Structures are given as C-alpha cells and as structure tokens.
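Dumped coords.txt below, it's compact mmCIF, C-alpha atoms and all ligand atoms:
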```
# COMPACT_ATOMS: atom_id res chain seq x y z
CA MET A 26 -3.44 20.09 -26.93
CA LYS A 27 -5.77 23.01 -27.17
CA LEU A 28 -8.51 23.72 -24.73
CA THR A 29 -10.83 26.62 -24.17
CA VAL A 30 -11.86 27.03 -20.54
CA ASN A 31 -14.51 29.59 -19.64
CA GLY A 32 -13.74 31.47 -22.85
CA ARG A 33 -9.94 31.49 -22.45
CA ALA A 34 -7.83 29.52 -24.92
CA HIS A 35 -4.99 27.36 -23.59
CA ASP A 36 -2.18 25.41 -25.25
CA LEU A 37 -1.23 22.50 -23.01
CA ALA A 38 1.70 20.13 -23.12
CA SER A 39 0.39 17.95 -20.30
CA ASP A 40 0.13 14.17 -20.15
CA PRO A 41 -2.80 13.36 -22.46
CA LEU A 42 -4.04 10.81 -19.94
CA ARG A 43 -4.09 13.28 -17.07
CA PRO A 44 -7.64 13.74 -15.75
CA LEU A 45 -9.11 17.05 -16.80
CA LEU A 46 -9.99 17.70 -13.15
CA HIS A 47 -6.32 17.95 -12.24
CA VAL A 48 -5.42 19.95 -15.32
CA LEU A 49 -8.10 22.48 -14.41
CA ARG A 50 -7.28 22.70 -10.73
CA ASP A 51 -3.48 22.32 -10.71
CA GLU A 52 -2.40 23.77 -14.06
CA LEU A 53 -5.03 26.35 -14.85
CA ASP A 54 -6.03 27.35 -11.30
CA VAL A 55 -9.68 26.69 -12.05
CA THR A 56 -10.75 25.31 -8.69
CA GLY A 57 -14.55 25.35 -8.91
CA PRO A 58 -14.65 21.65 -9.89
CA LYS A 59 -13.94 19.79 -6.67
CA ALA A 60 -11.86 16.64 -6.23
CA GLY A 61 -14.21 14.34 -4.37
CA CYS A 62 -14.20 10.59 -4.95
CA GLN A 63 -12.13 10.88 -8.16
CA GLN A 64 -13.82 7.70 -9.31
CA GLY A 65 -16.90 9.08 -11.06
CA SER A 66 -19.26 8.44 -8.16
CA CYS A 67 -19.96 11.77 -6.43
CA GLY A 68 -20.39 14.48 -9.08
CA THR A 69 -18.35 17.21 -7.37
CA CYS A 70 -16.02 17.51 -10.37
CA THR A 71 -18.78 18.04 -12.95
CA ILE A 72 -18.02 20.46 -15.77
CA LEU A 73 -19.47 21.13 -19.22
CA VAL A 74 -17.70 19.90 -22.33
CA ASP A 75 -19.24 21.52 -25.38
CA GLY A 76 -22.35 22.05 -23.28
CA GLU A 77 -22.69 18.53 -21.92
CA ALA A 78 -22.16 17.64 -18.29
CA ARG A 79 -19.13 15.43 -17.73
CA ARG A 80 -17.21 14.19 -14.73
CA SER A 81 -13.82 15.76 -15.11
CA CYS A 82 -12.15 13.16 -12.87
CA LEU A 83 -12.93 10.51 -15.49
CA THR A 84 -12.14 12.64 -18.53
CA PRO A 85 -8.58 12.34 -19.84
CA LEU A 86 -7.22 15.53 -21.33
CA ALA A 87 -6.84 13.87 -24.73
CA LEU A 88 -10.60 13.41 -24.99
CA VAL A 89 -11.24 17.13 -24.77
CA ASP A 90 -8.58 18.34 -27.19
CA GLY A 91 -10.13 21.27 -29.05
CA ALA A 92 -13.20 21.36 -26.83
CA GLU A 93 -14.94 24.19 -25.05
CA VAL A 94 -14.97 23.58 -21.31
CA THR A 95 -17.18 25.50 -18.93
CA THR A 96 -16.89 25.28 -15.16
CA ILE A 97 -18.87 26.94 -12.39
CA GLU A 98 -16.62 29.98 -12.80
CA GLY A 99 -17.88 30.36 -16.36
CA LEU A 100 -21.52 30.51 -15.30
CA GLY A 101 -21.28 33.53 -13.05
CA ASP A 102 -18.93 35.37 -10.78
CA ALA A 103 -19.01 36.96 -7.37
CA THR A 104 -20.51 40.19 -8.63
CA ARG A 105 -22.95 38.64 -11.04
CA LEU A 106 -24.33 35.30 -9.99
CA ASN A 107 -26.28 33.34 -12.51
CA ALA A 108 -29.83 32.39 -11.63
CA LEU A 109 -28.91 28.95 -10.30
CA GLN A 110 -26.17 30.32 -8.07
CA ALA A 111 -28.53 32.95 -6.70
CA ALA A 112 -31.28 30.36 -6.19
CA PHE A 113 -28.95 28.06 -4.26
CA HIS A 114 -28.14 31.02 -2.06
CA GLN A 115 -31.74 32.07 -1.54
CA TYR A 116 -33.11 28.57 -0.99
CA TYR A 117 -30.23 27.41 1.22
CA GLY A 118 -29.23 24.79 -1.34
CA ALA A 119 -25.61 24.93 -0.15
CA GLN A 120 -24.15 24.26 3.25
CA CYS A 121 -20.49 23.24 3.17
CA GLY A 122 -20.59 23.86 -0.59
CA PHE A 123 -18.36 20.99 -1.63
CA CYS A 124 -20.99 19.43 -3.87
CA THR A 125 -22.46 22.71 -5.03
CA SER A 126 -20.44 23.56 -8.11
CA GLY A 127 -21.11 20.13 -9.58
CA MET A 128 -24.79 20.34 -8.72
CA ILE A 129 -25.17 23.74 -10.35
CA VAL A 130 -23.26 22.75 -13.49
CA ALA A 131 -25.40 19.61 -13.87
CA ALA A 132 -28.57 21.64 -13.29
CA HIS A 133 -27.42 24.18 -15.87
CA ALA A 134 -26.97 21.41 -18.45
CA LEU A 135 -30.43 20.08 -17.61
CA LEU A 136 -32.13 23.46 -18.01
CA GLU A 137 -30.35 24.04 -21.32
CA ARG A 138 -31.84 20.88 -22.80
CA ASN A 139 -35.12 20.96 -20.83
CA PRO A 140 -36.16 24.42 -19.64
CA ALA A 141 -39.26 23.09 -17.89
CA PRO A 142 -38.19 19.97 -16.04
CA THR A 143 -40.41 18.18 -13.56
CA ARG A 144 -39.11 17.50 -10.06
CA HIS A 145 -38.52 13.94 -11.20
CA ASP A 146 -36.50 15.19 -14.20
CA ILE A 147 -34.32 17.21 -11.83
CA GLN A 148 -33.83 14.26 -9.52
CA THR A 149 -32.84 12.11 -12.49
CA ALA A 150 -30.38 14.72 -13.77
CA LEU A 151 -28.75 14.92 -10.35
CA ALA A 152 -28.59 11.17 -9.82
CA GLY A 153 -25.09 10.34 -8.72
CA HIS A 154 -24.47 13.80 -7.26
CA ILE A 155 -23.88 13.23 -3.60
CA CYS A 156 -24.51 15.84 -0.91
CA ARG A 157 -23.60 15.11 2.68
CA CYS A 158 -25.24 18.23 4.12
CA THR A 159 -28.51 19.44 2.70
CA GLY A 160 -30.78 16.42 2.43
CA TYR A 161 -31.28 17.40 -1.25
CA VAL A 162 -34.72 18.99 -0.79
CA LYS A 163 -33.44 22.56 -0.82
CA ILE A 164 -31.26 21.83 -3.85
CA LEU A 165 -34.31 20.58 -5.75
CA ASP A 166 -36.33 23.58 -4.56
CA ALA A 167 -33.66 25.95 -5.86
CA ILE A 168 -33.52 24.37 -9.29
CA GLU A 169 -37.30 24.25 -9.53
CA ALA A 170 -37.42 27.97 -8.70
CA VAL A 171 -35.16 28.75 -11.64
CA ALA A 172 -37.14 26.45 -13.92
CA ARG A 173 -40.38 28.27 -13.14
CA GLY A 174 -38.74 31.61 -13.90
CA GLU A 175 -38.34 33.06 -10.42
CA THR A 176 -36.07 36.09 -10.50
CA PHE A 177 -33.24 36.81 -8.10
CA THR A 178 -31.93 40.29 -7.46
CA GLU A 179 -28.36 39.07 -7.01
CA THR A 180 -28.14 38.22 -10.69
CA ASN A 181 -28.30 41.88 -11.71
CA GLY A 182 -25.28 42.90 -9.69
CA ASP A 183 -27.13 44.02 -6.56
CA ARG A 184 -25.13 42.21 -3.95
CA GLN A 185 -27.07 41.47 -0.82
CA PRO A 186 -25.76 41.01 2.71
CA GLY A 187 -24.24 37.59 3.09
CA VAL A 188 -23.83 36.90 -0.59
CA GLU A 189 -20.03 36.91 -0.42
CA GLU A 190 -20.17 33.95 1.96
CA SER A 191 -22.56 32.11 -0.30
CA VAL A 192 -20.38 32.72 -3.34
CA ALA A 193 -17.48 31.10 -1.57
CA LYS A 194 -19.67 28.11 -0.80
CA THR A 195 -20.93 27.76 -4.34
CA GLY A 196 -17.38 27.39 -5.57
CA VAL A 197 -17.38 30.47 -7.74
CA SER A 198 -14.20 31.79 -6.26
CA GLY A 199 -12.46 28.65 -5.15
S1 LIG B 201 -14.59 13.56 -8.09
FE1 LIG B 201 -15.41 13.13 -10.02
S2 LIG B 201 -17.24 12.05 -9.63
FE2 LIG B 201 -16.35 12.31 -7.66
S1 LIG B 202 -23.52 21.19 0.78
FE1 LIG B 202 -22.04 19.95 1.79
S2 LIG B 202 -21.85 18.22 0.49
FE2 LIG B 202 -23.51 19.31 -0.33
```
Kindly transcribe the structure held in the file into structure tokens.
Amino acid sequence: MKLTVNGRAHDLASDPLRPLLHVLRDELDVTGPKAGCQQGSCGTCTILVDGEARRSCLTPLALVDGAEVTTIEGLGDATRLNALQAAFHQYYGAQCGFCTSGMIVAAHALLERNPAPTRHDIQTALAGHICRCTGYVKILDAIEAVARGETFTETNGDRQPGVEESVAKTGVSG
C-alpha cells in the first residue's frame, strides 16, 4: 500500500487491517498522534486524511491506501509553529499535552472548512476530544484567537523563552 505522510511517500507491506495509528507510531516513527483509548472515544489519535479529521485508531491501513495523511508534525515544527500551536502555547491550552495534538488537528480541519467559527462551532468540532487537564476553556480560547486572526510571533521563527517545553507538550516532536 502507498501512503503519503506529511509530504513523504511510503510503500508499506503491513497488515491492511492494522490501525493507521500503529502504522504511524510504530512503523513510521510519527508519534504526534497519541494512543489513548484506541476505541474512537478520546480523540488523541486524530489525524487528517485528505484534509478530513479522522481517528487513526479506528482507521485500518487499507482504507487510506493512496491517501495523503497529515499529522501534527505536518502542521508545524519546533522552529516554526503554526498559528494553532502557538495559540495553544500562549493561551495555556496544553498542560500534560496528551490530548493536544488531536485537538489541534481537529481545530485545523475546522478552520479549513469554516474560517470564522462561533464558540459553539468549535465546541461541536471538538466533541469527543477528551482533556483531563485544562477544563477546555483555554483550548477554546486558543482556537478562537486563531479564528479572529490574532498573530503569534512564534510562527515566524522567533522562538520565545519556554517555547521548547510547549512544543514537546503539543506533540510536535514526540
Ligand atoms: S485513541 Fe483514537 S479515539 Fe482514543
Ligand atoms: S492537556 Fe492533559 S489531557 Fe489535555
């Protein structure tokens, strides 16, 4: 099977029924998507398949043959956060960070199809994404900030004190 992940093409001879989550993490070393419930209930494993948010724990490899997969790593990296990653950092939308990559990927998909979502739209898009730490308010604040066009200096390569720690939490590097 053929798969493009964050712009890199892969030929895979894996079990077609293997969940994409495990292919990404264990075979391709793409560890941004987190293995939470592995039953489709928590959202930590969310990735984009041809631009649409999907739960990779419930997506067999065979269903994404030939697809373009984007994970949190494909949205930004440690030296160039995307706006959502920077907003989560600035608005304290991440604490332990385990839910964060899935939250950001889902928010990215929302903003692609609806650049001006209401708070209710954001809540609906994140339904089923579970966070044990933040109480959700700061996550919603961060996404709203991006939606209203707030700018973040970290996105232009100007790394600020403490950003390395935040990057680790947002799942960009593992
Ligand atoms: S690990 Fe996929 S939804 Fe929880
Ligand atoms: S920041 Fe810890 S689970 Fe969300």
Can you pull out every residue within 10 Å of A:Ala38, counting only C-alpha atoms, but drop anything in the same chain fewer than 3 positions away, and send it as a ChimeraX atom specification? /A:26-27,35,41
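One finds atom CA of A:Gly153 at 19.3 Å from atom CA of A:Glu137.
Closest approach to ligand LIG 202 (chain B) among A:Ala167, A:Leu42, A:Met128, A:Leu136 is made by A:Met128 (distances from all atoms listed in the file).
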What residues have any atom no more than 9 Å from ligand LIG 201 (chain B) when counting all atoms listed in the file, and can you list them as a PyMOL selection string? chain A and resi 46+58-71+79-83+127+153-155
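Each of A:Ala119, A:Ala132, A:Leu165, A:Ala172 was compared to ligand LIG 202 (chain B) using only C-alpha atoms and all ligand atoms, and A:Ala119 turns out to be the nearest.
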Using all atoms listed in the file, which residues have at least one atom no more than 9 Å from ligand LIG 202 (chain B)? Output them as JSON, numbers by chain. {"A": [69, 118, 119, 120, 121, 122, 123, 124, 125, 128, 154, 155, 156, 157, 158, 159, 160, 161, 164, 194, 195]}
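The smallest atom-to-atom distance between A:Phe113 and any of A:Val171, A:Ile147, A:Thr95, A:Ala78, using all atoms listed in the file, is found for A:Val171.
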In Å, how far is it from atom CA of A:Pro44 to atom CA of A:Glu93? 15.8 Å
To one decimal place in Å, what is the distance between atom CA of A:Thr149 and atom CA of A:Leu73? 17.5 Å
Given the point (-11.8, 17.7, -24.1) in the file's coordinates, find the residues that have an atom at most 9 Å from it, counting only C-alpha atoms, and give them as a list in words. Lys27, Leu28, Thr29, Leu45, Val74, Asp75, Thr84, Pro85, Leu86, Ala87, Leu88, Val89, Asp90, Gly91, Ala92, Glu93 and Val94 of chain A
Can you spit out the residues from that selection as a PDB file, keeping the file's coordinate frame, using C-alpha atoms?
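The result, written out as result.pdb:
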```pdb
ATOM      1  CA  LYS A  27      -5.770  23.010 -27.170  1.00  0.00           C
ATOM      2  CA  LEU A  28      -8.510  23.720 -24.730  1.00  0.00           C
ATOM      3  CA  THR A  29     -10.830  26.620 -24.170  1.00  0.00           C
ATOM      4  CA  LEU A  45      -9.110  17.050 -16.800  1.00  0.00           C
ATOM      5  CA  VAL A  74     -17.700  19.900 -22.330  1.00  0.00           C
ATOM      6  CA  ASP A  75     -19.240  21.520 -25.380  1.00  0.00           C
ATOM      7  CA  THR A  84     -12.140  12.640 -18.530  1.00  0.00           C
ATOM      8  CA  PRO A  85      -8.580  12.340 -19.840  1.00  0.00           C
ATOM      9  CA  LEU A  86      -7.220  15.530 -21.330  1.00  0.00           C
ATOM     10  CA  ALA A  87      -6.840  13.870 -24.730  1.00  0.00           C
ATOM     11  CA  LEU A  88     -10.600  13.410 -24.990  1.00  0.00           C
ATOM     12  CA  VAL A  89     -11.240  17.130 -24.770  1.00  0.00           C
ATOM     13  CA  ASP A  90      -8.580  18.340 -27.190  1.00  0.00           C
ATOM     14  CA  GLY A  91     -10.130  21.270 -29.050  1.00  0.00           C
ATOM     15  CA  ALA A  92     -13.200  21.360 -26.830  1.00  0.00           C
ATOM     16  CA  GLU A  93     -14.940  24.190 -25.050  1.00  0.00           C
ATOM     17  CA  VAL A  94     -14.970  23.580 -21.310  1.00  0.00           C
TER      18      VAL A  94
END
```
Have a look at A:Arg43, A:Arg33, A:Arg144, A:His133 and name the one nearest to A:Glu169; count only C-alpha atoms. A:Arg144
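Across A:Gly174, A:Gly76, A:Gly32, A:Gly57, the tightest approach to A:Thr96 is made by A:Gly57 when counting all atoms listed in the file.
Proximity ranking of A:Ile97, A:Ala111, A:Ile72, A:Val55 relative to A:Glu175 places A:Ala111 first, based on only C-alpha atoms.
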